[in-house]
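Below: the structure, in structure tokens.
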Amino acid sequence: MVNTGQQSVRGEAVRHEVAGGTGGAAYEGYEAYEGGSPEAERLRFQKLTHELMRMQRYSDGTDGSGAPRPLRAFRGEAALGVENARLRFRDDLPPELCVGYARPGAEYPAVVRLSSASGSEGYGATPDLRRLAVRVQAGPEETHDLLATSFPVSHAADAHEFIAFAKATAGAGSTVEKAFGLFVRLPLAVGWATADRMRRNMRIATRHTVGSLARETFWSRGAILWGPAGPVRYQLRPAPGGTPASPPDGGDPDYLHRELAMRLSTGDIAFELCVQRYLDDRRTPVEDGSVEWRESDAPVVPVAVLTVPRQDLDGARARSVARRVEQLAFNPWHTTEEFRPLGNLNRARKAAYEAAAAHRLGLCFPAAEQRPTAPLPTPVRAALDLPVRAALDLPVRAALDLPVRAALDLVDRWVPWHRLPAPLGLLNPAGLGRALRRLGLVEGGDTPGSANRFSPAGSG
């Protein structure tokens with residue numbers, strides 16, 4: 001089993017003051033931090049993110065023939081990207097849930113994006129995870145991002161399982177290699193019961209066929225704070241009264257976009273924003289993202305309605321709007337302190353979301369956020385410098401690239417790149433990138449260019 005090193009701070013003197021709400025709010029004891037404190041855990045997660053980013057940077061930049069490949073888009077176009085949606089809170093919003101911008105009858109403009117969680121191009125009826133991202137403009141300088149996925153739980157309970165899953169499947173190209181990673185490497189890393197649960201969650205989540213994105217339910221998976229009311233998980237489900245989804249057209253690669261366009265040409269699309277409130281660590285855990293909060297334990301409470309108004313999705317103006325929405329970096333940490341994300345996975349993703357946003361905008365990884373590290377050994381520096389030197393001499397690279405990659409692929413069949421000595425392992429960082437993209441944990445095509453853009457699946 002993975003040793004997470006978590007130590008609960010429940011009952012200790014770790015206290016967070018939350019401004020706003022009804023006269024302000026205080027909460028304690030909802031989170032358990034690795035290393036015993038938020039600062040110790042943050043440093044661990046930051047180091048992990050920097051290592052992943054560094055490895056992504058030095059991935060290969062050609063197609064094997066020596067000719068540079070053109071960069072793909074960060075991901076395929078979304079099935080829906082609009083700026084004229086509205087989020088309206090219910091008039092009968094329970095008093096205990098009246099926090100911050102969540103007020104009875106309050107209505108706000110919103111941006112909505114519907115996409116594939118794996119970042120695959122095209123929006124046919126192929127089974128896949130789907131994602132709903134919403135940005136609520138609650139004031140001139142106040143926004144709240146809501147990110148939800150079409151499966152109620154994560155395959156990983158925490159960041160350690162997330163990384164263990166990625167490492168176990170890194171470099172697996174054939175069915176045999178994938179099976180070896182999932183049924184041998186993964187159990188050795190996390191234990192048999194945990195590996196079985198992770199495989200099951202991933203299998204069910206990615207095999208769901210969607211008939212209409214307007215009729216799907218999307219879950220936050222992780223918890224967020226709701227001011228004095230404490231932790232909640234939220235979901236966006238189809239509002240009552242919508243037209244049922246028709247059987248999908250498996251032969252149309254843009255079926256989901258066309259289906260949404262047809263619906264919006266005749267009427268609005270609406271989702272109910274609902275919350276489930278925290279009960280206790282056993283039935284509604286905050287730190288474990290793999291456990292579903294069952295409605296029989298934590299009833300679903302509707303709090304607002306998200307409406308996408310009737311419009312033409314295929315006109316020139318709509319396409320221009322969709323391109324603007326595509327450039328937004330949705331992030332669950334884009335919110336106020338009284339609605340902050342909670343749990344191990346959310347905290348681990350915070351640094352990764354910041355890095356992903358920078359890459360999504362074509363920027364370098366923020367140097368100001370990198371802490372000084374010890375100098376790398378000479379062999380490691382030489383390994384990291386190799387792609388840079390090769391890029392300056394394409395004819396030489398063309399001659400060396402194919403045999404080097406063939407040798408690395410051969411070694412990968414027996415020893416995964418992450419178990420090689422550092423100088424050798426760093427020559428093949430694309431192995432991690434391919435594995436993460438294939439699992440939908442990193443967005444972008446399986447190309448060297450796209451590997452330079454790291455983003456966890458929750459980035460919106």
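Chain identifiers are assigned as A, B, and so on, following the order in which chains appear in the structure tokens; residues are numbered from 1 within each chain, and ligands are numbered from 1 in order of appearance.
Close contacts of Arg283 in chain A, defined as residues with an atom at most 8 Å away when counting only C-alpha atoms, with chain neighbours fewer than 2 positions off set aside, comprise A:Leu279, A:Asp280, A:Asp281, A:Pro285, A:Trp293, A:Arg294, A:Asp297.
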Give me every helix (DSSP H, G or I) residue in range 165-374 of chain A, going by DSSP on the backbone, as a PyMOL selection string.
-> chain A and resi 165-169+175-190+192-206+213-215+255-264+316-326+337-339+344-360+367-369
Closest contacts (range 83-155 of chain A/range 210-233 of chain A, max 8 Å, only C-alpha atoms) as JSON lines:
{"residue": "A:Glu96", "atom": "CA", "partner": "A:Ala229", "partner_atom": "CA", "distance": 6.1}
{"residue": "A:Leu97", "atom": "CA", "partner": "A:Ala229", "partner_atom": "CA", "distance": 6.3}
{"residue": "A:Val99", "atom": "CA", "partner": "A:Gly227", "partner_atom": "CA", "distance": 6.1}
{"residue": "A:Gly100", "atom": "CA", "partner": "A:Gly227", "partner_atom": "CA", "distance": 7.9}
{"residue": "A:Leu114", "atom": "CA", "partner": "A:Leu213", "partner_atom": "CA", "distance": 7.5}
{"residue": "A:Ala125", "atom": "CA", "partner": "A:Val210", "partner_atom": "CA", "distance": 6.0}
{"residue": "A:Thr126", "atom": "CA", "partner": "A:Val210", "partner_atom": "CA", "distance": 7.8}
{"residue": "A:Pro127", "atom": "CA", "partner": "A:Val210", "partner_atom": "CA", "distance": 6.9}
{"residue": "A:Arg131", "atom": "CA", "partner": "A:Phe218", "partner_atom": "CA", "distance": 7.1}
{"residue": "A:Leu132", "atom": "CA", "partner": "A:Phe218", "partner_atom": "CA", "distance": 6.7}
{"residue": "A:Leu146", "atom": "CA", "partner": "A:Ser220", "partner_atom": "CA", "distance": 7.8}
{"residue": "A:Leu147", "atom": "CA", "partner": "A:Ser220", "partner_atom": "CA", "distance": 6.1}
{"residue": "A:Ala148", "atom": "CA", "partner": "A:Ser220", "partner_atom": "CA", "distance": 4.3}
{"residue": "A:Thr149", "atom": "CA", "partner": "A:Phe218", "partner_atom": "CA", "distance": 4.8}
{"residue": "A:Ser150", "atom": "CA", "partner": "A:Phe218", "partner_atom": "CA", "distance": 4.4}
{"residue": "A:Phe151", "atom": "CA", "partner": "A:Trp219", "partner_atom": "CA", "distance": 6.3}
{"residue": "A:Pro152", "atom": "CA", "partner": "A:Trp219", "partner_atom": "CA", "distance": 5.1}
{"residue": "A:Val153", "atom": "CA", "partner": "A:Arg221", "partner_atom": "CA", "distance": 4.9}
{"residue": "A:Ser154", "atom": "CA", "partner": "A:Arg221", "partner_atom": "CA", "distance": 6.4}
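Residues within 9 Å of Leu93 in chain A, counting only C-alpha atoms and excluding same-chain residues fewer than 2 positions away, are Phe89, Arg90, Asp91, Pro95, Glu96, Leu97, Cys98, Ala102, Arg103, Pro104, Gly105, Pro302, Val303 and Ala304 of chain A.
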Shell of 6 Å around Val134 in chain A, only C-alpha atoms, local chain residues under 6 positions omitted, as a VMD selection string | chain A and resid 111 to 112 145 to 146
Might you pull out every residue within 12 Å of Val136 in chain A, with only C-alpha atoms counted and same-chain residues fewer than 2 positions away left off, and present them as a CSV table (one decimal) with all heavy atoms, in the first residue's frame?
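Writing done, so here's selection-v4.csv:
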chain,number,residue,atom,x,y,z
A,83,GLU,N,-21.3,32.6,-23.6
A,83,GLU,CA,-21.0,33.7,-22.6
A,83,GLU,C,-22.3,34.3,-22.0
A,83,GLU,O,-22.3,35.2,-21.2
A,83,GLU,CB,-20.2,34.8,-23.2
A,83,GLU,CG,-18.8,34.4,-23.6
A,83,GLU,CD,-18.0,35.5,-24.3
A,83,GLU,OE1,-18.7,36.3,-24.9
A,83,GLU,OE2,-16.8,35.5,-24.2
A,84,ASN,N,-23.5,33.9,-22.5
A,84,ASN,CA,-24.7,34.5,-22.2
A,84,ASN,C,-25.6,33.7,-21.3
A,84,ASN,O,-26.8,33.8,-21.3
A,84,ASN,CB,-25.5,34.9,-23.4
A,84,ASN,CG,-25.8,33.7,-24.3
A,84,ASN,OD1,-25.3,32.6,-24.1
A,84,ASN,ND2,-26.6,34.0,-25.3
A,85,ALA,N,-25.0,32.7,-20.5
A,85,ALA,CA,-25.8,31.9,-19.6
A,85,ALA,C,-26.1,32.7,-18.4
A,85,ALA,O,-25.5,33.8,-18.1
A,85,ALA,CB,-25.1,30.6,-19.3
A,86,ARG,N,-27.1,32.2,-17.6
A,86,ARG,CA,-27.5,32.9,-16.3
A,86,ARG,C,-27.6,31.8,-15.2
A,86,ARG,O,-28.1,30.7,-15.4
A,86,ARG,CB,-28.8,33.6,-16.5
A,86,ARG,CG,-29.0,34.6,-17.6
A,86,ARG,CD,-28.1,35.8,-17.4
A,86,ARG,NE,-28.6,36.6,-16.3
A,86,ARG,CZ,-28.0,37.8,-16.0
A,86,ARG,NH1,-27.0,38.3,-16.7
A,86,ARG,NH2,-28.4,38.5,-14.9
A,87,LEU,N,-27.1,32.2,-14.0
A,87,LEU,CA,-27.3,31.4,-12.8
A,87,LEU,C,-28.2,32.1,-11.9
A,87,LEU,O,-27.8,33.2,-11.4
A,87,LEU,CB,-26.0,31.1,-12.2
A,87,LEU,CG,-26.1,30.1,-10.9
A,87,LEU,CD1,-26.3,28.7,-11.4
A,87,LEU,CD2,-24.8,30.2,-10.1
A,88,ARG,N,-29.3,31.5,-11.6
A,88,ARG,CA,-30.3,32.2,-10.6
A,88,ARG,C,-30.6,31.3,-9.4
A,88,ARG,O,-30.9,30.1,-9.6
A,88,ARG,CB,-31.6,32.5,-11.4
A,88,ARG,CG,-32.6,33.3,-10.5
A,88,ARG,CD,-33.9,33.6,-11.2
A,88,ARG,NE,-34.7,34.5,-10.5
A,88,ARG,CZ,-35.5,34.2,-9.4
A,88,ARG,NH1,-35.5,33.0,-8.9
A,88,ARG,NH2,-36.2,35.2,-8.8
A,89,PHE,N,-30.3,31.9,-8.2
A,89,PHE,CA,-30.6,31.1,-7.0
A,89,PHE,C,-32.1,31.1,-6.7
A,89,PHE,O,-32.8,32.0,-7.0
A,89,PHE,CB,-29.8,31.7,-5.8
A,89,PHE,CG,-28.3,31.3,-5.9
A,89,PHE,CD1,-27.4,32.2,-6.5
A,89,PHE,CD2,-27.9,30.2,-5.3
A,89,PHE,CE1,-26.1,31.8,-6.5
A,89,PHE,CE2,-26.5,29.8,-5.3
A,89,PHE,CZ,-25.6,30.6,-6.0
A,101,TYR,N,-22.4,35.1,-2.4
A,101,TYR,CA,-23.2,35.4,-3.5
A,101,TYR,C,-24.5,34.5,-3.6
A,101,TYR,O,-25.4,34.8,-4.5
A,101,TYR,CB,-22.4,35.3,-4.8
A,101,TYR,CG,-22.1,33.9,-5.3
A,101,TYR,CD1,-22.6,33.5,-6.6
A,101,TYR,CD2,-21.4,33.0,-4.6
A,101,TYR,CE1,-22.4,32.2,-7.0
A,101,TYR,CE2,-21.1,31.7,-5.1
A,101,TYR,CZ,-21.6,31.3,-6.3
A,101,TYR,OH,-21.4,30.1,-6.8
A,102,ALA,N,-24.5,33.5,-2.8
A,102,ALA,CA,-25.7,32.6,-2.8
A,102,ALA,C,-26.8,33.2,-2.0
A,102,ALA,O,-26.9,33.0,-0.8
A,102,ALA,CB,-25.3,31.2,-2.3
A,106,ALA,N,-31.1,35.8,-6.3
A,106,ALA,CA,-30.0,36.5,-6.9
A,106,ALA,C,-29.7,35.8,-8.3
A,106,ALA,O,-29.7,34.6,-8.4
A,106,ALA,CB,-28.7,36.5,-6.0
A,107,GLU,N,-29.4,36.7,-9.3
A,107,GLU,CA,-29.1,36.1,-10.6
A,107,GLU,C,-27.8,36.8,-11.1
A,107,GLU,O,-27.6,38.0,-11.0
A,107,GLU,CB,-30.3,36.4,-11.5
A,107,GLU,CG,-30.1,35.8,-12.9
A,107,GLU,CD,-31.4,36.0,-13.8
A,107,GLU,OE1,-32.4,36.2,-13.2
A,107,GLU,OE2,-31.3,35.9,-15.0
A,108,TYR,N,-27.0,35.9,-11.8
A,108,TYR,CA,-25.7,36.4,-12.3
A,108,TYR,C,-25.4,35.9,-13.7
A,108,TYR,O,-25.9,34.8,-14.1
A,108,TYR,CB,-24.6,35.8,-11.4
A,108,TYR,CG,-24.8,36.2,-9.9
A,108,TYR,CD1,-25.3,35.2,-9.0
A,108,TYR,CD2,-24.4,37.4,-9.4
A,108,TYR,CE1,-25.5,35.5,-7.7
A,108,TYR,CE2,-24.6,37.7,-8.0
A,108,TYR,CZ,-25.2,36.7,-7.2
A,108,TYR,OH,-25.4,37.0,-5.9
A,109,PRO,N,-24.7,36.6,-14.5
A,109,PRO,CA,-24.3,36.1,-15.8
A,109,PRO,C,-23.2,35.0,-15.6
A,109,PRO,O,-22.5,35.0,-14.6
A,109,PRO,CB,-23.6,37.4,-16.5
A,109,PRO,CG,-23.3,38.3,-15.3
A,109,PRO,CD,-24.2,38.0,-14.2
A,110,ALA,N,-23.2,34.1,-16.6
A,110,ALA,CA,-22.3,33.0,-16.5
A,110,ALA,C,-21.7,32.6,-17.8
A,110,ALA,O,-22.4,32.7,-18.9
A,110,ALA,CB,-23.0,31.8,-15.8
A,111,VAL,N,-20.5,32.1,-17.9
A,111,VAL,CA,-19.9,31.4,-19.0
A,111,VAL,C,-20.0,29.9,-18.8
A,111,VAL,O,-19.8,29.4,-17.7
A,111,VAL,CB,-18.5,31.9,-19.2
A,111,VAL,CG1,-17.8,31.1,-20.3
A,111,VAL,CG2,-18.3,33.4,-19.4
A,112,VAL,N,-20.4,29.2,-19.9
A,112,VAL,CA,-20.5,27.8,-19.8
A,112,VAL,C,-19.7,27.1,-20.9
A,112,VAL,O,-19.7,27.5,-22.1
A,112,VAL,CB,-22.0,27.4,-19.9
A,112,VAL,CG1,-22.2,25.8,-19.9
A,112,VAL,CG2,-22.8,27.9,-18.8
A,113,ARG,N,-19.1,26.0,-20.5
A,113,ARG,CA,-18.3,25.2,-21.5
A,113,ARG,C,-18.6,23.7,-21.2
A,113,ARG,O,-18.5,23.2,-20.1
A,113,ARG,CB,-16.8,25.4,-21.3
A,113,ARG,CG,-15.9,24.7,-22.4
A,113,ARG,CD,-14.5,25.0,-22.2
A,113,ARG,NE,-13.7,24.6,-23.3
A,113,ARG,CZ,-13.2,23.3,-23.4
A,113,ARG,NH1,-13.5,22.4,-22.5
A,113,ARG,NH2,-12.5,23.0,-24.5
A,133,ALA,N,-18.0,23.1,-17.3
A,133,ALA,CA,-17.3,24.2,-16.6
A,133,ALA,C,-18.2,25.5,-16.6
A,133,ALA,O,-18.7,25.8,-17.7
A,133,ALA,CB,-15.9,24.5,-17.2
A,134,VAL,N,-18.3,26.1,-15.5
A,134,VAL,CA,-19.1,27.3,-15.4
A,134,VAL,C,-18.4,28.4,-14.7
A,134,VAL,O,-17.7,28.1,-13.6
A,134,VAL,CB,-20.4,27.0,-14.6
A,134,VAL,CG1,-21.3,28.3,-14.5
A,134,VAL,CG2,-21.2,25.9,-15.2
A,138,ALA,N,-20.1,37.1,-10.2
A,138,ALA,CA,-20.9,37.5,-9.1
A,138,ALA,C,-20.7,39.0,-8.8
A,138,ALA,O,-21.4,39.6,-8.0
A,138,ALA,CB,-20.6,36.7,-7.8
A,139,GLY,N,-19.7,39.7,-9.4
A,139,GLY,CA,-19.5,41.1,-9.1
A,139,GLY,C,-18.4,41.5,-10.1
A,139,GLY,O,-17.8,40.7,-10.8
A,140,PRO,N,-18.0,42.8,-10.1
A,140,PRO,CA,-17.0,43.4,-11.0
A,140,PRO,C,-15.7,42.6,-10.9
A,140,PRO,O,-15.0,42.4,-11.9
A,140,PRO,CB,-16.9,44.8,-10.6
A,140,PRO,CG,-18.2,45.2,-10.0
A,140,PRO,CD,-18.7,43.9,-9.3
A,141,GLU,N,-15.3,42.2,-9.7
A,141,GLU,CA,-14.1,41.5,-9.4
A,141,GLU,C,-14.2,40.2,-8.7
A,141,GLU,O,-13.3,39.7,-8.0
A,141,GLU,CB,-13.1,42.4,-8.7
A,141,GLU,CG,-12.7,43.7,-9.4
A,141,GLU,CD,-11.7,44.6,-8.7
A,141,GLU,OE1,-11.3,44.2,-7.6
A,141,GLU,OE2,-11.3,45.6,-9.2
A,142,GLU,N,-15.4,39.6,-8.8
A,142,GLU,CA,-15.7,38.4,-8.1
A,142,GLU,C,-16.3,37.3,-9.0
A,142,GLU,O,-17.3,37.5,-9.6
A,142,GLU,CB,-16.7,38.6,-6.9
A,142,GLU,CG,-17.0,37.3,-6.1
A,142,GLU,CD,-18.0,37.5,-5.0
A,142,GLU,OE1,-18.2,38.7,-4.6
A,142,GLU,OE2,-18.7,36.6,-4.6
A,143,THR,N,-15.5,36.3,-9.2
A,143,THR,CA,-16.0,35.1,-10.0
A,143,THR,C,-15.9,33.9,-9.3
A,143,THR,O,-15.1,33.7,-8.3
A,143,THR,CB,-15.2,35.0,-11.3
A,143,THR,OG1,-13.8,34.8,-11.0
A,143,THR,CG2,-15.3,36.3,-12.2
A,144,HIS,N,-16.7,32.9,-9.7
A,144,HIS,CA,-16.7,31.6,-9.0
A,144,HIS,C,-16.8,30.5,-10.2
A,144,HIS,O,-17.7,30.5,-11.0
A,144,HIS,CB,-18.0,31.4,-8.1
A,144,HIS,CG,-18.0,32.4,-7.0
A,144,HIS,ND1,-17.5,32.1,-5.8
A,144,HIS,CD2,-18.6,33.7,-7.0
A,144,HIS,CE1,-17.7,33.2,-5.0
A,144,HIS,NE2,-18.3,34.1,-5.7
A,145,ASP,N,-15.8,29.7,-10.2
A,145,ASP,CA,-15.7,28.6,-11.2
A,145,ASP,C,-16.2,27.3,-10.6
A,145,ASP,O,-15.8,26.9,-9.6
A,145,ASP,CB,-14.3,28.4,-11.7
A,145,ASP,CG,-13.8,29.5,-12.7
A,145,ASP,OD1,-14.6,30.4,-12.9
A,145,ASP,OD2,-12.7,29.4,-13.2
A,146,LEU,N,-17.2,26.7,-11.3
A,146,LEU,CA,-17.7,25.4,-11.0
A,146,LEU,C,-17.3,24.4,-12.0
A,146,LEU,O,-17.6,24.6,-13.2
A,146,LEU,CB,-19.2,25.5,-10.8
A,146,LEU,CG,-19.8,26.6,-9.9
A,146,LEU,CD1,-21.3,26.6,-10.0
A,146,LEU,CD2,-19.4,26.3,-8.5
A,147,LEU,N,-16.6,23.4,-11.6
A,147,LEU,CA,-16.1,22.3,-12.5
A,147,LEU,C,-16.7,21.0,-12.1
A,147,LEU,O,-16.7,20.6,-10.9
A,147,LEU,CB,-14.6,22.2,-12.6
A,147,LEU,CG,-13.9,23.2,-13.5
A,147,LEU,CD1,-13.9,24.6,-12.8
A,147,LEU,CD2,-12.4,22.7,-13.7
A,306,LEU,N,-29.1,26.9,-13.7
A,306,LEU,CA,-28.2,27.5,-14.7
A,306,LEU,C,-28.9,27.3,-16.0
A,306,LEU,O,-29.3,26.2,-16.4
A,306,LEU,CB,-26.9,26.6,-14.7
A,306,LEU,CG,-25.9,27.0,-15.8
A,306,LEU,CD1,-25.3,28.4,-15.6
A,306,LEU,CD2,-24.8,25.9,-15.9
A,307,THR,N,-29.1,28.5,-16.7
A,307,THR,CA,-29.9,28.5,-18.0
A,307,THR,C,-29.0,29.0,-19.1
A,307,THR,O,-28.4,30.0,-19.0
A,307,THR,CB,-31.1,29.4,-17.9
A,307,THR,OG1,-31.9,28.9,-16.8
A,307,THR,CG2,-31.9,29.4,-19.2
A,330,PHE,N,-10.5,27.6,-16.7
A,330,PHE,CA,-11.4,27.4,-15.6
A,330,PHE,C,-10.6,26.7,-14.5
A,330,PHE,O,-9.7,25.8,-14.7
A,330,PHE,CB,-12.5,26.5,-16.0
A,330,PHE,CG,-13.5,27.2,-17.0
A,330,PHE,CD1,-13.3,27.0,-18.3
A,330,PHE,CD2,-14.5,27.9,-16.5
A,330,PHE,CE1,-14.2,27.6,-19.2
A,330,PHE,CE2,-15.4,28.5,-17.4
A,330,PHE,CZ,-15.2,28.4,-18.7
A,331,ASN,N,-10.9,27.1,-13.2
A,331,ASN,CA,-10.1,26.6,-12.1
A,331,ASN,C,-11.0,26.6,-10.9
A,331,ASN,O,-11.6,27.7,-10.5
A,331,ASN,CB,-8.9,27.5,-11.9
A,331,ASN,CG,-8.0,27.2,-10.8
A,331,ASN,OD1,-8.4,26.5,-9.8
A,331,ASN,ND2,-6.8,27.7,-10.8
A,332,PRO,N,-11.2,25.5,-10.1
A,332,PRO,CA,-12.1,25.5,-9.0
A,332,PRO,C,-11.6,26.5,-7.9
A,332,PRO,O,-12.4,26.8,-7.0
A,332,PRO,CB,-12.1,24.1,-8.5
A,332,PRO,CG,-10.8,23.5,-9.1
A,332,PRO,CD,-10.6,24.2,-10.4
A,334,HIS,N,-10.7,29.5,-8.5
A,334,HIS,CA,-11.2,30.8,-8.8
A,334,HIS,C,-12.5,31.0,-8.1
A,334,HIS,O,-13.6,30.8,-8.6
A,334,HIS,CB,-11.4,30.9,-10.3
A,334,HIS,CG,-10.2,31.1,-11.1
A,334,HIS,ND1,-10.2,30.9,-12.5
A,334,HIS,CD2,-8.9,31.3,-10.8
A,334,HIS,CE1,-8.9,31.1,-12.9
A,334,HIS,NE2,-8.2,31.3,-11.9
A,335,THR,N,-12.4,31.4,-6.8
A,335,THR,CA,-13.6,31.6,-6.0
A,335,THR,C,-13.2,32.4,-4.8
A,335,THR,O,-12.0,32.9,-4.7
A,335,THR,CB,-14.2,30.3,-5.6
A,335,THR,OG1,-15.4,30.5,-4.9
A,335,THR,CG2,-13.2,29.5,-4.7
A,336,THR,N,-14.1,32.6,-3.9
A,336,THR,CA,-13.7,33.3,-2.6
A,336,THR,C,-13.4,32.3,-1.5
A,336,THR,O,-13.7,31.1,-1.7
A,336,THR,CB,-14.9,34.2,-2.2
A,336,THR,OG1,-16.1,33.4,-2.0
A,336,THR,CG2,-15.2,35.3,-3.2
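Using only C-alpha atoms, the nearest neighbour of Ala195 in chain A within the list A:Ala239, A:Asp92, A:Ala261, A:Ser290 is A:Ser290.
Atom pair CA of His208 in chain A / CA of Leu80 in chain A has a distance of 19.3 Å (rounded to one decimal).
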